[in-house]
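S.K.: Structure provided below as structure tokens; questions to follow.
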Amino acid sequence: MTRIRRGYIARRRRRKIRLFASSFRGAHSRLTRTITQQKIRALVSAHRDRDKKKRDFRRLWITRINAVIRDNMVSYSYSILIHNLYKRQLLLNRKILAQIAILNKTCLYMISNEIRK
């Protein structure tokens with residue numbers, strides 16, 4: 001009986017996985033089983049860290065705003081500023097406030113003074 005050549009489907013699937021892992025080091029880019037494990041692991045990490053990045057940036061913005069506010073007035077803090085913003089119904093998110101705090105401190109001081117009144 002003559003030998004039957006296999007189809008291309010499995011080869012195509014493995015080639016696609018290898019392309020994903022081509023930048024990995026060692027066996028993680030050469031052996032099919034470890035490539036599949038590393039691919040799963042990489043995608044899990046990417047999914048987890050996308051959410052973590054949002055939290056990290058929010059923490060950074062809060063820290064920047066708080067540093068500038070406390071630098072101006074000793075008794076004034078970030079939480080009071082945000083509370084007053086909500087009371088006055090001003091739609092400034094933390095990202096914008098942090099940019100104002102870095103680029104134009106006097107503008108942030110003016111905003112905080114207007115809100116406190």
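To be explicit about the labels: the chains of the structure tokens are called A, B, and onward in the order shown, and within each one the residues are counted from 1, while ligands get numbers from 1 in the order they are shown.
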Find the spatial neighbours of segment 48-62 of chain A, counting only C-alpha atoms, within a cut-off of 8 Å - ignore same-chain residues fewer than 2 positions away - and output them as an MDAnalysis selection string.

M.R.: chainID A and resid 44:46 64:66 78 94:95 97:98

S.K.: Grab the residues selected above and save them as a PDB file, in the first residue's frame with C-alpha atoms.

M.R.:
```
ATOM      1  CA  VAL A  44      -3.815  36.065  29.472  1.00  0.00           C
ATOM      2  CA  SER A  45      -1.144  38.547  30.565  1.00  0.00           C
ATOM      3  CA  ALA A  46      -2.128  41.004  27.842  1.00  0.00           C
ATOM      4  CA  ARG A  64      -0.076  64.389  40.364  1.00  0.00           C
ATOM      5  CA  ILE A  65      -3.201  66.393  41.187  1.00  0.00           C
ATOM      6  CA  ASN A  66      -2.760  65.806  44.910  1.00  0.00           C
ATOM      7  CA  TYR A  78      -7.276  66.005  46.474  1.00  0.00           C
ATOM      8  CA  ARG A  94      -8.747  63.318  36.386  1.00  0.00           C
ATOM      9  CA  LYS A  95      -6.696  63.037  33.192  1.00  0.00           C
ATOM     10  CA  LEU A  97      -6.875  67.876  35.758  1.00  0.00           C
ATOM     11  CA  ALA A  98      -3.487  66.122  35.855  1.00  0.00           C
TER      12      ALA A  98
END
```

S.K.: Write down as a PyMOL selection string the residues belonging to chain A that are assigned alpha helix (DSSP H) by DSSP computed on the backbone.

M.R.: chain A and resi 9-20+32-72+78-88+94-103+105-116

S.K.: Can you tell me how far atom CA of Tyr76 of chain A sits from atom CA of Leu91 of chain A, in Å to one decimal?

M.R.: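 It comes out at 20.2 Å.
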
S.K.: What is the atom CA of His83 of chain A to atom CA of Thr106 of chain A distance in Å?

M.R.: 20.1 Å

S.K.: Leu19 of chain A: which residues within 12 Å, counting only C-alpha atoms, same-chain residues fewer than 3 positions away excluded, as number ranges by chain?

M.R.: A: 12-16, 22-24, 28-30, 32, 35-36, 39

S.K.: Go ahead and save the picked residues with N, CA, C and O atoms, as a PDB file, in the first residue's frame.

M.R.:
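Wrote it out as again37.pdb, contents follow:
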```
ATOM      1  N   ARG A  12      -0.860  24.288   8.617  1.00  0.00           N
ATOM      2  CA  ARG A  12      -1.242  25.696   8.541  1.00  0.00           C
ATOM      3  C   ARG A  12      -1.529  26.260   9.941  1.00  0.00           C
ATOM      4  O   ARG A  12      -1.130  27.372  10.268  1.00  0.00           O
ATOM      5  N   ARG A  13      -2.195  25.442  10.780  1.00  0.00           N
ATOM      6  CA  ARG A  13      -2.495  25.869  12.151  1.00  0.00           C
ATOM      7  C   ARG A  13      -1.206  26.087  12.944  1.00  0.00           C
ATOM      8  O   ARG A  13      -1.049  27.095  13.630  1.00  0.00           O
ATOM      9  N   ARG A  14      -0.272  25.141  12.814  1.00  0.00           N
ATOM     10  CA  ARG A  14       0.991  25.264  13.549  1.00  0.00           C
ATOM     11  C   ARG A  14       1.827  26.434  13.055  1.00  0.00           C
ATOM     12  O   ARG A  14       2.494  27.109  13.828  1.00  0.00           O
ATOM     13  N   ARG A  15       1.797  26.689  11.756  1.00  0.00           N
ATOM     14  CA  ARG A  15       2.554  27.801  11.198  1.00  0.00           C
ATOM     15  C   ARG A  15       2.013  29.136  11.738  1.00  0.00           C
ATOM     16  O   ARG A  15       2.759  30.052  12.051  1.00  0.00           O
ATOM     17  N   LYS A  16       0.692  29.206  11.870  1.00  0.00           N
ATOM     18  CA  LYS A  16       0.074  30.424  12.387  1.00  0.00           C
ATOM     19  C   LYS A  16       0.495  30.670  13.846  1.00  0.00           C
ATOM     20  O   LYS A  16       0.813  31.788  14.236  1.00  0.00           O
ATOM     21  N   SER A  22       7.164  33.941  17.169  1.00  0.00           N
ATOM     22  CA  SER A  22       8.475  34.019  16.519  1.00  0.00           C
ATOM     23  C   SER A  22       9.466  34.876  17.299  1.00  0.00           C
ATOM     24  O   SER A  22      10.668  34.694  17.184  1.00  0.00           O
ATOM     25  N   SER A  23       8.977  35.788  18.112  1.00  0.00           N
ATOM     26  CA  SER A  23       9.890  36.661  18.861  1.00  0.00           C
ATOM     27  C   SER A  23      10.244  36.100  20.240  1.00  0.00           C
ATOM     28  O   SER A  23      11.039  36.696  20.961  1.00  0.00           O
ATOM     29  N   PHE A  24       9.650  34.964  20.627  1.00  0.00           N
ATOM     30  CA  PHE A  24       9.953  34.367  21.927  1.00  0.00           C
ATOM     31  C   PHE A  24      11.325  33.713  21.893  1.00  0.00           C
ATOM     32  O   PHE A  24      11.843  33.398  20.834  1.00  0.00           O
ATOM     33  N   HIS A  28      10.456  28.209  23.442  1.00  0.00           N
ATOM     34  CA  HIS A  28       9.146  28.864  23.378  1.00  0.00           C
ATOM     35  C   HIS A  28       8.802  29.335  21.969  1.00  0.00           C
ATOM     36  O   HIS A  28       7.658  29.677  21.689  1.00  0.00           O
ATOM     37  N   SER A  29       9.798  29.367  21.088  1.00  0.00           N
ATOM     38  CA  SER A  29       9.502  29.730  19.699  1.00  0.00           C
ATOM     39  C   SER A  29       9.747  28.575  18.736  1.00  0.00           C
ATOM     40  O   SER A  29       9.571  28.745  17.532  1.00  0.00           O
ATOM     41  N   ARG A  30      10.139  27.397  19.268  1.00  0.00           N
ATOM     42  CA  ARG A  30      10.480  26.287  18.375  1.00  0.00           C
ATOM     43  C   ARG A  30       9.587  25.059  18.532  1.00  0.00           C
ATOM     44  O   ARG A  30       9.283  24.405  17.545  1.00  0.00           O
ATOM     45  N   THR A  32       6.190  23.048  19.341  1.00  0.00           N
ATOM     46  CA  THR A  32       4.770  23.370  19.167  1.00  0.00           C
ATOM     47  C   THR A  32       4.008  23.397  20.490  1.00  0.00           C
ATOM     48  O   THR A  32       3.211  24.301  20.718  1.00  0.00           O
ATOM     49  N   ILE A  35       5.033  26.397  22.505  1.00  0.00           N
ATOM     50  CA  ILE A  35       4.538  27.598  21.829  1.00  0.00           C
ATOM     51  C   ILE A  35       3.079  27.835  22.195  1.00  0.00           C
ATOM     52  O   ILE A  35       2.679  28.953  22.522  1.00  0.00           O
ATOM     53  N   THR A  36       2.276  26.748  22.176  1.00  0.00           N
ATOM     54  CA  THR A  36       0.854  26.910  22.496  1.00  0.00           C
ATOM     55  C   THR A  36       0.674  27.375  23.933  1.00  0.00           C
ATOM     56  O   THR A  36      -0.145  28.265  24.203  1.00  0.00           O
ATOM     57  N   LYS A  39       1.676  31.001  24.176  1.00  0.00           N
ATOM     58  CA  LYS A  39       0.691  31.867  23.533  1.00  0.00           C
ATOM     59  C   LYS A  39      -0.471  32.128  24.476  1.00  0.00           C
ATOM     60  O   LYS A  39      -0.908  33.273  24.654  1.00  0.00           O
TER      61      LYS A  39
END
```

S.K.: Please measure the separation of atom CA of Arg70 of chain A and atom CA of Tyr109 of chain A, giving the value in Å to one decimal.

M.R.: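 The value is 10.6 Å.
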
S.K.: Measuring between only C-alpha atoms, which one of A:Asn84, A:Asn93, A:Gln99, A:Asn72 shows the shortest distance to Lys117 of chain A?

M.R.: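 Using only C-alpha atoms, the shortest distance to Lys117 of chain A belongs to A:Asn84.
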
S.K.: Looking at A:Gln89, A:Arg25, A:Arg5, A:Val68, which one is nearest to Leu103 of chain A, with distances taken over only C-alpha atoms?

M.R.: A:Val68
